[in-house]
Structure formats: C-alpha cells, structure tokens
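Raw contents of structure-v8.tsv, TSV, C-alpha atoms:
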chain	number	residue	atom	x	y	z
X	1	MET	CA	126.34	171.83	198.83
X	2	LYS	CA	126.55	174.88	196.65
X	3	PHE	CA	129.15	177.58	196.85
X	4	ASP	CA	128.31	181.21	197.17
X	5	ILE	CA	129.20	182.71	193.80
X	6	LYS	CA	130.84	185.83	195.25
X	7	THR	CA	133.07	183.75	197.54
X	8	LEU	CA	133.93	181.44	194.70
X	9	GLN	CA	134.92	184.34	192.47
X	10	ALA	CA	137.02	185.88	195.25
X	11	GLU	CA	138.79	182.58	195.91
X	12	ILE	CA	139.57	182.07	192.24
X	13	GLY	CA	140.67	185.69	192.02
X	14	LYS	CA	143.42	184.92	194.51
X	15	ILE	CA	145.14	182.53	192.15
X	16	ASP	CA	148.22	184.34	190.94
X	17	THR	CA	150.00	181.50	189.38
X	18	ILE	CA	149.88	177.88	188.41
X	19	PRO	CA	151.96	175.94	190.92
X	20	THR	CA	154.04	173.89	188.50
X	21	ILE	CA	155.81	176.92	187.04
X	22	PRO	CA	155.33	179.71	189.53
X	23	ALA	CA	158.20	182.14	189.16
X	24	ILE	CA	158.36	182.35	185.42
X	25	PHE	CA	154.58	182.36	185.00
X	26	LYS	CA	154.09	185.47	187.10
X	27	LYS	CA	156.82	187.31	185.26
X	28	MET	CA	155.45	186.19	181.96
X	29	LEU	CA	151.94	187.46	182.75
X	30	ALA	CA	153.40	190.86	183.61
X	31	ILE	CA	155.10	190.98	180.23
X	32	LEU	CA	152.15	189.60	178.32
X	33	GLU	CA	149.54	191.86	179.85
X	34	ASN	CA	151.41	194.99	178.93
X	35	PRO	CA	150.26	195.97	175.44
X	36	LYS	CA	153.39	198.06	174.97
X	37	THR	CA	155.76	195.11	175.32
X	38	SER	CA	157.99	195.14	172.29
X	39	LEU	CA	158.96	192.26	170.08
X	40	SER	CA	162.55	192.33	171.30
X	41	GLU	CA	161.54	192.41	174.98
X	42	ILE	CA	159.41	189.35	174.59
X	43	SER	CA	162.08	187.64	172.52
X	44	ASN	CA	164.69	188.31	175.23
X	45	PHE	CA	162.37	187.12	177.93
X	46	ILE	CA	161.71	183.79	176.23
X	47	SER	CA	165.29	183.32	175.09
X	48	ASN	CA	166.58	183.78	178.64
X	49	ASP	CA	164.56	180.83	179.85
X	50	PRO	CA	165.70	177.51	178.42
X	51	VAL	CA	162.49	175.65	179.27
X	52	LEU	CA	160.27	178.26	177.62
X	53	THR	CA	162.57	178.46	174.63
X	54	SER	CA	162.56	174.74	174.07
X	55	ARG	CA	158.78	174.60	174.46
X	56	VAL	CA	158.09	177.38	172.01
X	57	LEU	CA	160.46	175.87	169.46
X	58	LYS	CA	159.09	172.39	170.01
X	59	MET	CA	155.53	173.58	169.54
X	60	VAL	CA	156.09	175.72	166.45
X	61	ASN	CA	158.23	173.07	164.80
X	62	SER	CA	155.82	170.22	165.45
X	63	ALA	CA	153.47	168.95	162.79
X	64	VAL	CA	150.77	170.33	165.08
X	65	TYR	CA	151.69	173.93	164.47
X	66	GLY	CA	152.58	173.80	160.83
X	67	PHE	CA	156.23	174.81	160.38
X	68	PRO	CA	157.84	171.40	160.80
X	69	GLY	CA	161.53	171.77	161.54
X	70	ARG	CA	161.91	175.22	160.01
X	71	ILE	CA	162.14	177.48	163.04
X	72	SER	CA	165.41	177.51	164.91
X	73	SER	CA	165.24	180.64	167.04
X	74	ILE	CA	162.74	182.59	169.09
X	75	ASN	CA	163.32	185.66	166.92
X	76	GLN	CA	162.43	183.69	163.85
X	77	ALA	CA	159.31	182.31	165.56
X	78	LEU	CA	158.22	185.84	166.46
X	79	LEU	CA	158.74	187.08	162.94
X	80	LEU	CA	156.90	184.18	161.35
X	81	LEU	CA	154.04	183.93	163.82
X	82	GLY	CA	153.75	187.48	165.06
X	83	LEU	CA	153.72	188.81	168.57
X	84	ASN	CA	150.11	187.94	169.39
X	85	ALA	CA	150.44	184.35	168.30
X	86	VAL	CA	153.56	183.86	170.40
X	87	ARG	CA	151.92	185.56	173.40
X	88	GLY	CA	149.04	183.14	173.21
X	89	LEU	CA	151.29	180.21	172.57
X	90	LEU	CA	153.21	181.00	175.74
X	91	LEU	CA	150.02	181.00	177.78
X	92	GLY	CA	149.01	177.70	176.26
X	93	ILE	CA	152.25	175.87	176.83
X	94	SER	CA	152.48	177.20	180.38
X	95	VAL	CA	149.40	175.30	181.43
X	96	PHE	CA	150.58	171.98	180.01
X	97	GLU	CA	151.58	170.41	183.35
X	98	ALA	CA	148.58	171.78	185.15
X	99	MET	CA	146.31	170.22	182.53
X	100	GLN	CA	148.13	166.91	182.71
X	101	LYS	CA	147.64	166.87	186.46
X	102	THR	CA	143.99	167.92	186.40
X	103	MET	CA	142.74	164.95	184.45
X	104	LEU	CA	144.20	162.33	182.22
X	105	GLY	CA	143.54	163.35	178.63
X	106	LEU	CA	142.69	167.02	179.22
X	107	TRP	CA	145.83	168.26	177.49
X	108	ASP	CA	145.09	165.96	174.53
X	109	HIS	CA	141.55	167.31	174.43
X	110	ALA	CA	142.83	170.90	174.53
X	111	LEU	CA	145.46	170.32	171.87
X	112	GLY	CA	142.97	168.40	169.72
X	113	THR	CA	140.47	171.25	169.98
X	114	ALA	CA	143.20	173.73	169.07
X	115	ILE	CA	144.12	171.67	166.01
X	116	ALA	CA	140.50	171.35	164.93
X	117	GLY	CA	139.97	175.07	165.59
X	118	ARG	CA	142.86	175.98	163.33
X	119	ILE	CA	141.50	173.73	160.59
X	120	PHE	CA	138.06	175.37	160.85
X	121	ALA	CA	139.58	178.86	160.91
X	122	THR	CA	141.65	178.15	157.82
X	123	LYS	CA	138.65	176.69	156.03
X	124	LYS	CA	136.64	179.82	156.82
X	125	ASN	CA	139.56	182.09	155.87
X	126	LEU	CA	139.50	183.77	159.28
X	127	ALA	CA	142.03	186.55	159.71
X	128	GLU	CA	143.62	185.18	162.90
X	129	PRO	CA	143.78	181.39	162.94
X	130	ASP	CA	146.42	181.60	165.68
X	131	ASP	CA	143.99	183.42	167.98
X	132	VAL	CA	141.56	180.60	167.45
X	133	PHE	CA	144.29	178.04	168.14
X	134	VAL	CA	145.12	179.67	171.46
X	135	ALA	CA	141.50	180.20	172.51
X	136	ALA	CA	140.81	176.54	171.78
X	137	LEU	CA	143.94	175.44	173.64
X	138	LEU	CA	142.82	177.39	176.71
X	139	HIS	CA	139.04	176.94	176.51
X	140	ASP	CA	138.96	174.47	179.43
X	141	ILE	CA	141.41	176.35	181.66
X	142	GLY	CA	138.54	176.68	184.15
X	143	LYS	CA	138.69	172.92	184.79
X	144	VAL	CA	142.34	173.32	185.77
X	145	ILE	CA	141.54	176.27	188.02
X	146	LEU	CA	138.59	174.62	189.79
X	147	SER	CA	140.49	171.44	190.42
X	148	LEU	CA	143.58	173.33	191.61
X	149	LYS	CA	141.63	175.48	194.01
X	150	PHE	CA	139.01	172.96	195.15
X	151	PRO	CA	140.55	169.51	194.57
X	152	ALA	CA	138.13	167.57	196.79
X	153	ASP	CA	135.03	169.24	195.34
X	154	TYR	CA	136.28	168.75	191.82
X	155	GLN	CA	136.86	165.09	192.59
X	156	ASN	CA	133.17	165.01	193.55
X	157	VAL	CA	132.32	166.54	190.18
X	158	ILE	CA	134.22	163.77	188.40
X	159	GLN	CA	132.55	161.16	190.57
X	160	LYS	CA	129.09	162.61	189.92
X	161	VAL	CA	129.71	162.65	186.17
X	162	LYS	CA	130.50	158.95	186.29
X	163	GLU	CA	127.72	157.87	188.63
X	164	GLU	CA	124.92	159.90	187.11
X	165	ASN	CA	126.08	159.95	183.48
X	166	LEU	CA	126.18	163.73	183.39
X	167	PHE	CA	127.98	166.25	181.26
X	168	ILE	CA	130.82	167.73	183.28
X	169	PHE	CA	129.26	171.21	183.18
X	170	GLU	CA	126.04	169.79	184.67
X	171	ALA	CA	127.93	168.27	187.59
X	172	GLU	CA	129.92	171.50	188.04
X	173	ILE	CA	126.67	173.47	188.30
X	174	GLU	CA	125.37	171.04	190.91
X	175	ILE	CA	128.52	171.19	193.03
X	176	PHE	CA	129.77	174.75	192.46
X	177	GLY	CA	126.81	176.62	191.03
X	178	ILE	CA	129.05	177.70	188.14
X	179	THR	CA	130.81	175.92	185.27
X	180	HIS	CA	134.44	175.72	184.19
X	181	ALA	CA	133.58	178.30	181.53
X	182	ASP	CA	132.74	180.85	184.26
X	183	ALA	CA	135.83	179.97	186.29
X	184	GLY	CA	137.96	180.16	183.15
X	185	ALA	CA	136.61	183.59	182.27
X	186	TRP	CA	137.27	184.88	185.80
X	187	ILE	CA	140.85	183.75	185.84
X	188	ALA	CA	141.37	185.02	182.29
X	189	GLN	CA	140.11	188.43	183.41
X	190	LYS	CA	142.24	188.37	186.51
X	191	TRP	CA	145.29	187.53	184.41
X	192	ASN	CA	144.43	190.26	181.90
X	193	PHE	CA	144.07	187.98	178.93
X	194	PRO	CA	142.94	189.83	175.79
X	195	ARG	CA	139.19	190.53	175.76
X	196	ASN	CA	138.62	188.29	172.73
X	197	LEU	CA	140.28	185.36	174.41
X	198	ILE	CA	138.22	185.81	177.59
X	199	GLU	CA	135.05	185.79	175.54
X	200	ALA	CA	135.86	182.60	173.68
X	201	ILE	CA	136.65	180.87	177.00
X	202	GLU	CA	133.52	182.21	178.71
X	203	TYR	CA	131.07	181.34	175.96
X	204	HIS	CA	132.42	178.16	174.41
X	205	HIS	CA	129.26	176.37	175.59
X	206	ARG	CA	126.96	179.35	174.80
X	207	PRO	CA	128.51	180.85	171.67
X	208	GLU	CA	125.39	182.90	170.89
X	209	LEU	CA	126.35	185.24	173.76
X	210	SER	CA	129.71	186.24	172.27
X	211	LYS	CA	129.45	189.84	171.10
X	212	ASN	CA	133.00	190.74	170.06
X	213	VAL	CA	134.27	187.50	168.57
X	214	PRO	CA	131.20	185.45	167.66
X	215	MET	CA	133.05	183.66	164.87
X	216	ASN	CA	136.05	182.62	166.98
X	217	THR	CA	133.77	181.50	169.80
X	218	ALA	CA	131.63	179.50	167.40
X	219	VAL	CA	134.78	177.83	166.07
X	220	VAL	CA	135.99	176.89	169.56
X	221	HIS	CA	132.51	175.53	170.40
X	222	LEU	CA	132.42	173.32	167.32
X	223	ALA	CA	136.08	172.31	167.52
X	224	ASP	CA	135.41	171.09	171.07
X	225	ILE	CA	132.50	168.99	169.81
X	226	PHE	CA	134.36	167.56	166.81
X	227	THR	CA	137.34	166.62	168.98
X	228	ARG	CA	135.12	164.88	171.52
X	229	ALA	CA	133.15	163.18	168.75
X	230	ARG	CA	136.34	161.73	167.32
X	231	GLY	CA	137.25	160.51	170.81
X	232	HIS	CA	140.51	162.40	171.09
X	233	GLY	CA	141.59	163.11	174.66
X	234	PHE	CA	139.25	163.35	177.62
X	235	ALA	CA	137.31	166.45	178.66
X	236	GLY	CA	135.84	165.11	181.88
X	237	ASP	CA	132.79	163.23	180.61
X	238	ASN	CA	132.06	160.69	177.91
X	239	PHE	CA	129.28	162.47	176.05
X	240	ILE	CA	129.21	164.97	173.23
X	241	PRO	CA	127.38	168.22	173.93
X	242	ALA	CA	124.74	169.23	171.40
X	243	ILE	CA	125.79	171.55	168.61
X	244	ASN	CA	124.69	175.12	169.23
X	245	LEU	CA	122.52	176.20	166.29
X	246	HIS	CA	123.86	179.76	166.19
X	247	ALA	CA	127.39	178.45	165.92
X	248	TRP	CA	126.37	175.91	163.32
X	249	ASP	CA	124.66	178.52	161.13
X	250	ARG	CA	127.57	180.89	161.51
X	251	LEU	CA	130.07	178.35	160.23
X	252	ASN	CA	127.67	176.92	157.68
X	253	PHE	CA	129.73	173.82	156.82
X	254	SER	CA	128.50	171.52	154.08
X	255	GLU	CA	128.64	167.74	154.37
X	256	SER	CA	131.68	167.65	152.16
X	257	ASP	CA	133.37	170.30	154.33
X	258	ILE	CA	132.81	168.07	157.35
X	259	ARG	CA	134.21	165.03	155.56
X	260	GLU	CA	137.34	166.99	154.67
X	261	ILE	CA	137.64	168.31	158.21
X	262	PHE	CA	137.59	164.79	159.68
X	263	VAL	CA	140.35	163.72	157.30
X	264	GLN	CA	142.50	166.76	158.09
X	265	MET	CA	141.92	166.34	161.81
X	266	GLU	CA	142.99	162.69	161.62
X	267	ASP	CA	146.45	163.58	160.31
X	268	SER	CA	147.15	166.32	162.81
X	269	LEU	CA	145.66	164.48	165.77
X	270	GLN	CA	147.88	161.51	165.10
X	271	ALA	CA	150.88	163.79	164.96
X	272	SER	CA	149.81	165.34	168.25
X	273	GLU	CA	149.41	162.04	170.05
X	274	SER	CA	153.13	161.79	170.64
X	275	PHE	CA	153.35	165.50	171.36
X	276	SER	CA	154.19	166.28	174.95
X	277	PHE	CA	156.56	168.41	176.92
X	278	SER	CA	157.07	165.82	179.60
X	279	ASP	CA	160.17	164.25	178.07
X	280	GLU	CA	162.25	167.43	178.48
V	1	MET	CA	150.01	147.21	178.26
V	2	ILE	CA	152.87	149.12	179.85
V	3	ARG	CA	154.57	149.16	183.21
V	4	ILE	CA	154.25	152.50	184.94
V	5	LEU	CA	155.92	153.70	188.14
V	6	VAL	CA	153.39	154.40	190.86
V	7	ASN	CA	154.82	157.92	191.07
V	8	ASN	CA	153.80	158.53	187.46
V	9	LEU	CA	150.29	157.12	187.71
V	10	LYS	CA	147.41	159.42	186.93
V	11	PRO	CA	143.77	159.08	187.92
V	12	GLY	CA	141.82	157.34	185.19
V	13	MET	CA	144.53	154.84	184.24
V	14	LYS	CA	143.35	151.23	184.21
V	15	LEU	CA	145.18	148.25	185.69
V	16	ALA	CA	146.06	145.73	183.00
V	17	GLN	CA	147.03	143.16	185.64
V	18	PRO	CA	145.92	142.73	189.23
V	19	VAL	CA	148.07	144.23	191.98
V	20	GLN	CA	149.06	141.55	194.46
V	21	SER	CA	150.62	141.64	197.86
V	22	GLU	CA	153.81	139.63	198.52
V	23	SER	CA	151.68	136.81	199.85
V	24	GLY	CA	149.76	136.75	196.56
V	25	MET	CA	146.57	138.33	197.82
V	26	VAL	CA	144.83	140.46	195.18
V	27	LEU	CA	144.82	144.05	196.41
V	28	LEU	CA	143.29	145.60	193.30
V	29	PRO	CA	141.80	143.50	190.51
V	30	GLU	CA	142.62	143.74	186.83
V	31	GLY	CA	140.60	146.46	185.09
V	32	THR	CA	140.47	148.73	188.15
V	33	GLU	CA	140.30	152.35	187.10
V	34	LEU	CA	142.67	154.14	189.43
V	35	ALA	CA	141.42	157.15	191.40
V	36	PHE	CA	143.56	159.52	193.47
V	37	SER	CA	142.78	157.41	196.54
V	38	GLY	CA	143.80	154.16	194.82
V	39	ILE	CA	147.13	155.63	193.75
V	40	GLU	CA	147.78	156.84	197.28
V	41	ARG	CA	147.01	153.38	198.60
V	42	LEU	CA	149.50	151.79	196.20
V	43	ASN	CA	152.08	154.28	197.38
V	44	ALA	CA	151.33	153.57	201.02
V	45	MET	CA	151.66	149.84	200.40
V	46	GLY	CA	155.14	150.35	199.00
V	47	ILE	CA	154.28	149.13	195.48
V	48	ASN	CA	156.73	150.52	192.93
V	49	SER	CA	155.08	149.94	189.59
V	50	VAL	CA	151.97	148.44	188.03
V	51	MET	CA	150.88	147.28	184.60
V	52	ILE	CA	148.57	149.75	182.91
V	53	GLU	CA	146.28	149.32	179.93
V	54	GLY	CA	146.95	151.35	176.86
V	55	THR	CA	149.33	151.57	173.91
V	56	LYS	CA	147.37	148.99	171.95
V	57	SER	CA	145.34	150.68	169.24
V	58	LYS	CA	141.62	150.14	169.10
V	59	SER	CA	139.79	147.95	166.62
V	60	LYS	CA	137.23	149.49	164.31
V	61	GLU	CA	134.43	147.80	166.25
V	62	GLU	CA	135.64	149.28	169.51
V	63	VAL	CA	135.88	152.75	167.97
V	64	LEU	CA	132.36	152.50	166.54
V	65	GLU	CA	130.96	151.22	169.84
V	66	GLU	CA	132.51	154.14	171.67
V	67	ILE	CA	131.03	156.58	169.16
V	68	GLU	CA	127.56	155.08	169.75
V	69	ALA	CA	128.00	155.55	173.49
V	70	ARG	CA	129.30	159.10	173.20
V	71	PHE	CA	126.43	160.27	171.00
V	72	LYS	CA	123.78	158.65	173.20
V	73	LYS	CA	122.70	161.81	175.02
V	74	THR	CA	122.49	164.15	172.05
V	75	GLU	CA	122.04	162.14	168.86
V	76	ASN	CA	118.46	163.34	168.47
V	77	GLU	CA	119.46	167.00	168.59
V	78	LYS	CA	119.60	168.97	165.38
V	79	ASN	CA	122.66	168.28	163.19
V	80	MET	CA	124.03	165.67	165.60
V	81	ASP	CA	122.65	162.85	163.47
V	82	MET	CA	124.55	164.23	160.51
V	83	LEU	CA	127.75	164.65	162.47
V	84	LYS	CA	127.47	161.08	163.71
V	85	ARG	CA	126.74	159.66	160.25
V	86	LEU	CA	129.71	161.49	158.69
V	87	LEU	CA	131.98	160.44	161.54
V	88	ILE	CA	131.01	156.79	161.14
V	89	GLU	CA	131.65	157.07	157.38
V	90	HIS	CA	135.04	158.58	158.20
V	91	ILE	CA	135.93	155.72	160.58
V	92	ASN	CA	134.86	153.11	158.03
V	93	GLU	CA	137.06	154.82	155.46
V	94	LEU	CA	139.96	155.04	157.92
V	95	TYR	CA	139.91	151.30	158.69
V	96	LYS	CA	139.68	150.17	155.08

Would you put the structure from the file into structure tokens?
Amino acid sequence: MKFDIKTLQAEIGKIDTIPTIPAIFKKMLAILENPKTSLSEISNFISNDPVLTSRVLKMVNSAVYGFPGRISSINQALLLLGLNAVRGLLLGISVFEAMQKTMLGLWDHALGTAIAGRIFATKKNLAEPDDVFVAALLHDIGKVILSLKFPADYQNVIQKVKEENLFIFEAEIEIFGITHADAGAWIAQKWNFPRNLIEAIEYHHRPELSKNVPMNTAVVHLADIFTRARGHGFAGDNFIPAINLHAWDRLNFSESDIREIFVQMEDSLQASESFSFSDE
Amino acid sequence: MIRILVNNLKPGMKLAQPVQSESGMVLLPEGTELAFSGIERLNAMGINSVMIEGTKSKSKEEVLEEIEARFKKTENEKNMDMLKRLLIEHINELYK
C-alpha cells in the first residue's frame, strides 16, 4: 500500500510537537523561529527551565561538544557558542527521547554523525561548524516523525528492511512513497527551521541537489556514511549507502585525511557512548 | 549481559538468556531479538525483567566481520573500496 503524498504531507503538517516534551517544545519553537529573539530572551527562557538548562550545560560541557567542564551558565554558553549554535543545540537535545523511542541506536547514530560532521567541518575550515553539528544531529528527524505519526507502517518498514535486506530509504519508498528525508524536510519547514538546516535534512541522501548549503549538506551526507561505516549507533538498516560523488569531490579528502578522521572520530565516539540524558 | 526491567526494554534488544515461565517452559529462547510485540507479551505475562545482551565489547574479528557485512551492498561503488580499506586499517591499528 502506498500513501497519497498530499495526504501524507498534510498529516505530518499537523504535528505540532513531540509528545515527550510537549509544553516546552511548542514554546521553544515560537522563540526559536522568531529571528528577532534576543540573546537575553533566549537565555531567560532556557534558564527558567531546569531540564533544558541541565541538558544544554551537559551537552556543551561534554567531551562531545568540546568545552569540557568549562561552561557553568547558560549566559556563558550563549556567549561562547553564539545564538545560532544554542538555537540548534536546543532543537537537537529536544528530540533525544523521541529518537530513543523510535529505534534503538538512532540517537547514537545522530550524535555520531554530528561528531563526525564537526570533525569534517573543522578539517575543511568551514565558517559554521556548529551549524553542521546541528544539521547532522537532526538529519534523521524524519524517521522520528514517520514512526510517531504512523507507528504500524513504520514497523512494517523496519520489518521489510530486515526481511529483504534493504536500505531503510528503499523500504520507506515502498511503504510510504517518500523517504525520511522528505518527511524531515516537511516537518522542518512546518517548524520554521532555518532554510539551511531544512536543506541539509532534505538532501542528505542527494547532496547534489542542495543549492544554498552544498558544503554543509555534503558534510552531513559523508558524516552519515562514516558513522555507519564505523558501526556507531543504528540508523535503521545494516548497510552503508554509497558515497555521492558530488559530495566526495566537494570535500576532496585525501587518504591521510581519512585516516586522521577515523582516529579523531574514535576518541569522540567513545566519549559519546556514555552520553545520554536519560539519567537525569 | 545486563538485567533490564521489561518497562525499559526497547525493540532490537537481544535476550541473553531464555525467558521461562514459572513452570520452566521456555517462552522466548536465548538470542531472541525483541520487537514491540515481544515486549508487550512479556509485559502481559507479568515478567519483570530479562537478561539482555550487550555491555561486552566486541573482538576485533567480530568488528571486521560486521564491516564486511555492512559494506556488502556498496563495496563496488566508487570510493567505497577505499573507505573500506582505510577503515579496516584503522581497526587493525586500534586493536594492536
């Protein structure tokens, strides 16, 4: 059975919130989608919520994020990371539970991809490694959305992947007629994510289509592949998608770059293995 | 191998020991990969906790075997052979 694409898009468009953290999430989106939100407004908003505060501080102080143990307040985090980085970080940490519930290992895959993405971005001297981190953290948000909205059908996707040895996006196409990348882009639009973030989510399997942020999208595409190759986390199937040649040429890594990347990833991935918000 | 409360089980976890009824009948064998339905069944049967595989780190051979399996579909695509070769070198280095 295939879904009608229009109906599917309308259904997904109705999702206002992720059930595990409804109240705060809705309020947060309102604050985040307003480009005029000031630094102090966002700082107050986070500081007034103990769970958000502890998550932001935990994330920025972890070995994963790169300021181990140095950031003690939300104000300090905002100053060090900048408003955009903290905005994105908030989105990322809000979907933690939803990812955990969607499939075992999806959060680890997302965090692993974010870590790899940051390593790539730093290696390429990209201006906004934090944007890449967030895009990579959220690239599979569509899997969360599809399985939230259509749990039984998504269970069929997972089953099909196993029985027929498919990539998850192949099974999604067969069941839904769209992939998690499409669903992710729709929800990102609906939630008014920044254009660049939407694009990286939408095209992480077809990076050649990214017009505004081809470099960031290429990084997310490759970071996804490297993380799967290393076997960190679980993205829904047990195969590694082929490297997109446009993305490969754009990043233009040498063999020695790749060796270094694997070593750097190893350190951060190990640090991230124990990283979770579930022991709050 | 760790004991996990049935409430905290997630689909995809694997039983490290069989689940038995009070009379000793095997309800789910060792190695069963739990699906949503399996977890619900455990709940319905009033089982509190089960032993789950995990926590033990993998041997180098296991890691390399898994890499072979993961690359199976795409290893003939451009650049994938290189990625695989460098990854295997990396694993060999890691387990020295």

For CA of Ile198 in chain X and CA of Gly13 in chain X, the interatomic separation in Å (one decimal):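 CA of Ile198 in chain X sits 14.6 Å away from CA of Gly13 in chain X.
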
All residues 10 Å or closer to Thr74 in chain V, all atoms listed in the file, same chain fewer than 6 positions away omitted, as a CSV table (one decimal) with C-alpha atoms, in the frame of the given file:
chain,number,residue,atom,x,y,z
X,239,PHE,CA,129.3,162.5,176.0
X,240,ILE,CA,129.2,165.0,173.2
X,241,PRO,CA,127.4,168.2,173.9
X,242,ALA,CA,124.7,169.2,171.4
X,243,ILE,CA,125.8,171.6,168.6
V,80,MET,CA,124.0,165.7,165.6
V,81,ASP,CA,122.6,162.8,163.5

Could you produce a table of the residues of chain X lying within 9 Å of chain V, with the nearest pair of atoms per residue and their separation in Å rounded to one decimal, using all atoms listed in the file, ordered by chain and increasing residue number, as JSON lines?
{"residue": "X:Gln100", "atom": "CA", "partner": "V:Lys10", "partner_atom": "CA", "distance": 8.6}
{"residue": "X:Lys101", "atom": "CA", "partner": "V:Lys10", "partner_atom": "CA", "distance": 7.5}
{"residue": "X:Thr102", "atom": "CA", "partner": "V:Pro11", "partner_atom": "CA", "distance": 9.0}
{"residue": "X:Met103", "atom": "CA", "partner": "V:Pro11", "partner_atom": "CA", "distance": 6.9}
{"residue": "X:Leu104", "atom": "CA", "partner": "V:Gly12", "partner_atom": "CA", "distance": 6.3}
{"residue": "X:Gln155", "atom": "CA", "partner": "V:Phe36", "partner_atom": "CA", "distance": 8.8}
{"residue": "X:Phe226", "atom": "CA", "partner": "V:Leu83", "partner_atom": "CA", "distance": 8.4}
{"residue": "X:Arg228", "atom": "CA", "partner": "V:Arg70", "partner_atom": "CA", "distance": 8.4}
{"residue": "X:Ala229", "atom": "CA", "partner": "V:Ile67", "partner_atom": "CA", "distance": 6.9}
{"residue": "X:Arg230", "atom": "CA", "partner": "V:Leu87", "partner_atom": "CA", "distance": 7.4}
{"residue": "X:Gly231", "atom": "CA", "partner": "V:Ile67", "partner_atom": "CA", "distance": 7.5}
{"residue": "X:Asn238", "atom": "CA", "partner": "V:Arg70", "partner_atom": "CA", "distance": 5.7}
{"residue": "X:Phe239", "atom": "CA", "partner": "V:Arg70", "partner_atom": "CA", "distance": 4.4}
{"residue": "X:Ile240", "atom": "CA", "partner": "V:Arg70", "partner_atom": "CA", "distance": 5.9}
{"residue": "X:Pro241", "atom": "CA", "partner": "V:Thr74", "partner_atom": "CA", "distance": 6.6}
{"residue": "X:Ala242", "atom": "CA", "partner": "V:Thr74", "partner_atom": "CA", "distance": 5.6}
{"residue": "X:Ile243", "atom": "CA", "partner": "V:Met80", "partner_atom": "CA", "distance": 6.8}
{"residue": "X:Asn244", "atom": "CA", "partner": "V:Lys78", "partner_atom": "CA", "distance": 8.9}
{"residue": "X:Leu245", "atom": "CA", "partner": "V:Lys78", "partner_atom": "CA", "distance": 7.9}
{"residue": "X:Trp248", "atom": "CA", "partner": "V:Asn79", "partner_atom": "CA", "distance": 8.5}
{"residue": "X:Glu255", "atom": "CA", "partner": "V:Leu86", "partner_atom": "CA", "distance": 7.7}
{"residue": "X:Ile258", "atom": "CA", "partner": "V:Leu86", "partner_atom": "CA", "distance": 7.4}
{"residue": "X:Arg259", "atom": "CA", "partner": "V:Leu86", "partner_atom": "CA", "distance": 6.5}
{"residue": "X:Phe262", "atom": "CA", "partner": "V:His90", "partner_atom": "CA", "distance": 6.9}
{"residue": "X:Val263", "atom": "CA", "partner": "V:His90", "partner_atom": "CA", "distance": 7.4}

Any chance you can output those residues with C-alpha atoms as a CSV table (one decimal), in the frame of the given file?
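See selection.csv below for the written result:
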chain,number,residue,atom,x,y,z
X,100,GLN,CA,148.1,166.9,182.7
X,101,LYS,CA,147.6,166.9,186.5
X,102,THR,CA,144.0,167.9,186.4
X,103,MET,CA,142.7,165.0,184.4
X,104,LEU,CA,144.2,162.3,182.2
X,155,GLN,CA,136.9,165.1,192.6
X,226,PHE,CA,134.4,167.6,166.8
X,228,ARG,CA,135.1,164.9,171.5
X,229,ALA,CA,133.2,163.2,168.8
X,230,ARG,CA,136.3,161.7,167.3
X,231,GLY,CA,137.2,160.5,170.8
X,238,ASN,CA,132.1,160.7,177.9
X,239,PHE,CA,129.3,162.5,176.0
X,240,ILE,CA,129.2,165.0,173.2
X,241,PRO,CA,127.4,168.2,173.9
X,242,ALA,CA,124.7,169.2,171.4
X,243,ILE,CA,125.8,171.6,168.6
X,244,ASN,CA,124.7,175.1,169.2
X,245,LEU,CA,122.5,176.2,166.3
X,248,TRP,CA,126.4,175.9,163.3
X,255,GLU,CA,128.6,167.7,154.4
X,258,ILE,CA,132.8,168.1,157.4
X,259,ARG,CA,134.2,165.0,155.6
X,262,PHE,CA,137.6,164.8,159.7
X,263,VAL,CA,140.4,163.7,157.3

Neighbours of Leu34 in chain V within 12 Å (only C-alpha atoms; same-chain residues fewer than 4 positions away dropped), as a PDB file with C-alpha atoms, in the coordinates of the input?
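Now in result-v4.pdb:
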ATOM      1  CA  MET X 103     142.740 164.950 184.450  1.00  0.00           C
ATOM      2  CA  LEU X 104     144.200 162.330 182.220  1.00  0.00           C
TER       3      LEU X 104
ATOM      4  CA  VAL V   6     153.390 154.400 190.860  1.00  0.00           C
ATOM      5  CA  LEU V   9     150.290 157.120 187.710  1.00  0.00           C
ATOM      6  CA  LYS V  10     147.410 159.420 186.930  1.00  0.00           C
ATOM      7  CA  PRO V  11     143.770 159.080 187.920  1.00  0.00           C
ATOM      8  CA  GLY V  12     141.820 157.340 185.190  1.00  0.00           C
ATOM      9  CA  MET V  13     144.530 154.840 184.240  1.00  0.00           C
ATOM     10  CA  LYS V  14     143.350 151.230 184.210  1.00  0.00           C
ATOM     11  CA  LEU V  15     145.180 148.250 185.690  1.00  0.00           C
ATOM     12  CA  ALA V  16     146.060 145.730 183.000  1.00  0.00           C
ATOM     13  CA  PRO V  18     145.920 142.730 189.230  1.00  0.00           C
ATOM     14  CA  VAL V  19     148.070 144.230 191.980  1.00  0.00           C
ATOM     15  CA  LEU V  28     143.290 145.600 193.300  1.00  0.00           C
ATOM     16  CA  PRO V  29     141.800 143.500 190.510  1.00  0.00           C
ATOM     17  CA  GLU V  30     142.620 143.740 186.830  1.00  0.00           C
ATOM     18  CA  GLY V  38     143.800 154.160 194.820  1.00  0.00           C
ATOM     19  CA  ILE V  39     147.130 155.630 193.750  1.00  0.00           C
ATOM     20  CA  GLU V  40     147.780 156.840 197.280  1.00  0.00           C
ATOM     21  CA  ARG V  41     147.010 153.380 198.600  1.00  0.00           C
ATOM     22  CA  LEU V  42     149.500 151.790 196.200  1.00  0.00           C
ATOM     23  CA  VAL V  50     151.970 148.440 188.030  1.00  0.00           C
ATOM     24  CA  MET V  51     150.880 147.280 184.600  1.00  0.00           C
ATOM     25  CA  ILE V  52     148.570 149.750 182.910  1.00  0.00           C
ATOM     26  CA  GLU V  53     146.280 149.320 179.930  1.00  0.00           C
TER      27      GLU V  53
END

Within 12 Å of Leu78 in chain X using all atoms listed in the file, minus same-chain residues under 5 positions, as a VMD selection string: chain X and resid 38 to 44 46 to 47 53 56 to 57 60 71 to 73 83 to 90

For Asn43 in chain V, the nearest of the candidates V:Asn7, V:Asn92, V:Ser59, V:Ser23, counting only C-alpha atoms: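 Looking at the shortest contact to Asn43 in chain V, the residue is V:Asn7.
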
Near-range 132-142 of chain X list (7 Å; all atoms listed in the file; drop same-chain fewer than 5 positions) as a ChimeraX atom specification: /X:88-89,92,110-111,113-115,117-118,180-181,183-184,197,200-201,216,220

Nearest-residue call for Asp237 in chain X, choices X:Asn165, X:Ser147, X:Asn192, X:Asn212, using all atoms listed in the file: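 Among the listed residues, X:Asn165 lies closest to Asp237 in chain X.
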
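Separating CA of Ile225 in chain X from CA of Asp108 in chain X is a distance of 13.8 Å.
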
From V:Gln17, V:Met45, V:Tyr95, V:Leu5, residue lying nearest Glu33 in chain V [all atoms listed in the file]: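 Closest residue, counting all atoms listed in the file: V:Gln17.
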
Separation of CA of Gly105 in chain X from CA of Gly236 in chain X, in Å and rounded to one decimal: 8.5 Å

The centre and edge lengths of an axis-aligned box containing all atoms of range 199-208 of chain X present in the file, extended by 6 Å on each side, are to be given in Å to one decimal, as lines of an AutoDock Vina configuration file.
center_x = 131.0
center_y = 181.1
center_z = 174.8
size_x = 23.3
size_y = 21.4
size_z = 19.8

Of the listed residues X:Gly112, X:Pro151, X:Pro207, X:Pro50, that which approaches Val219 in chain X most closely, counting all atoms listed in the file: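 Among X:Gly112, X:Pro151, X:Pro207, X:Pro50, it is X:Pro207 that comes nearest to Val219 in chain X.
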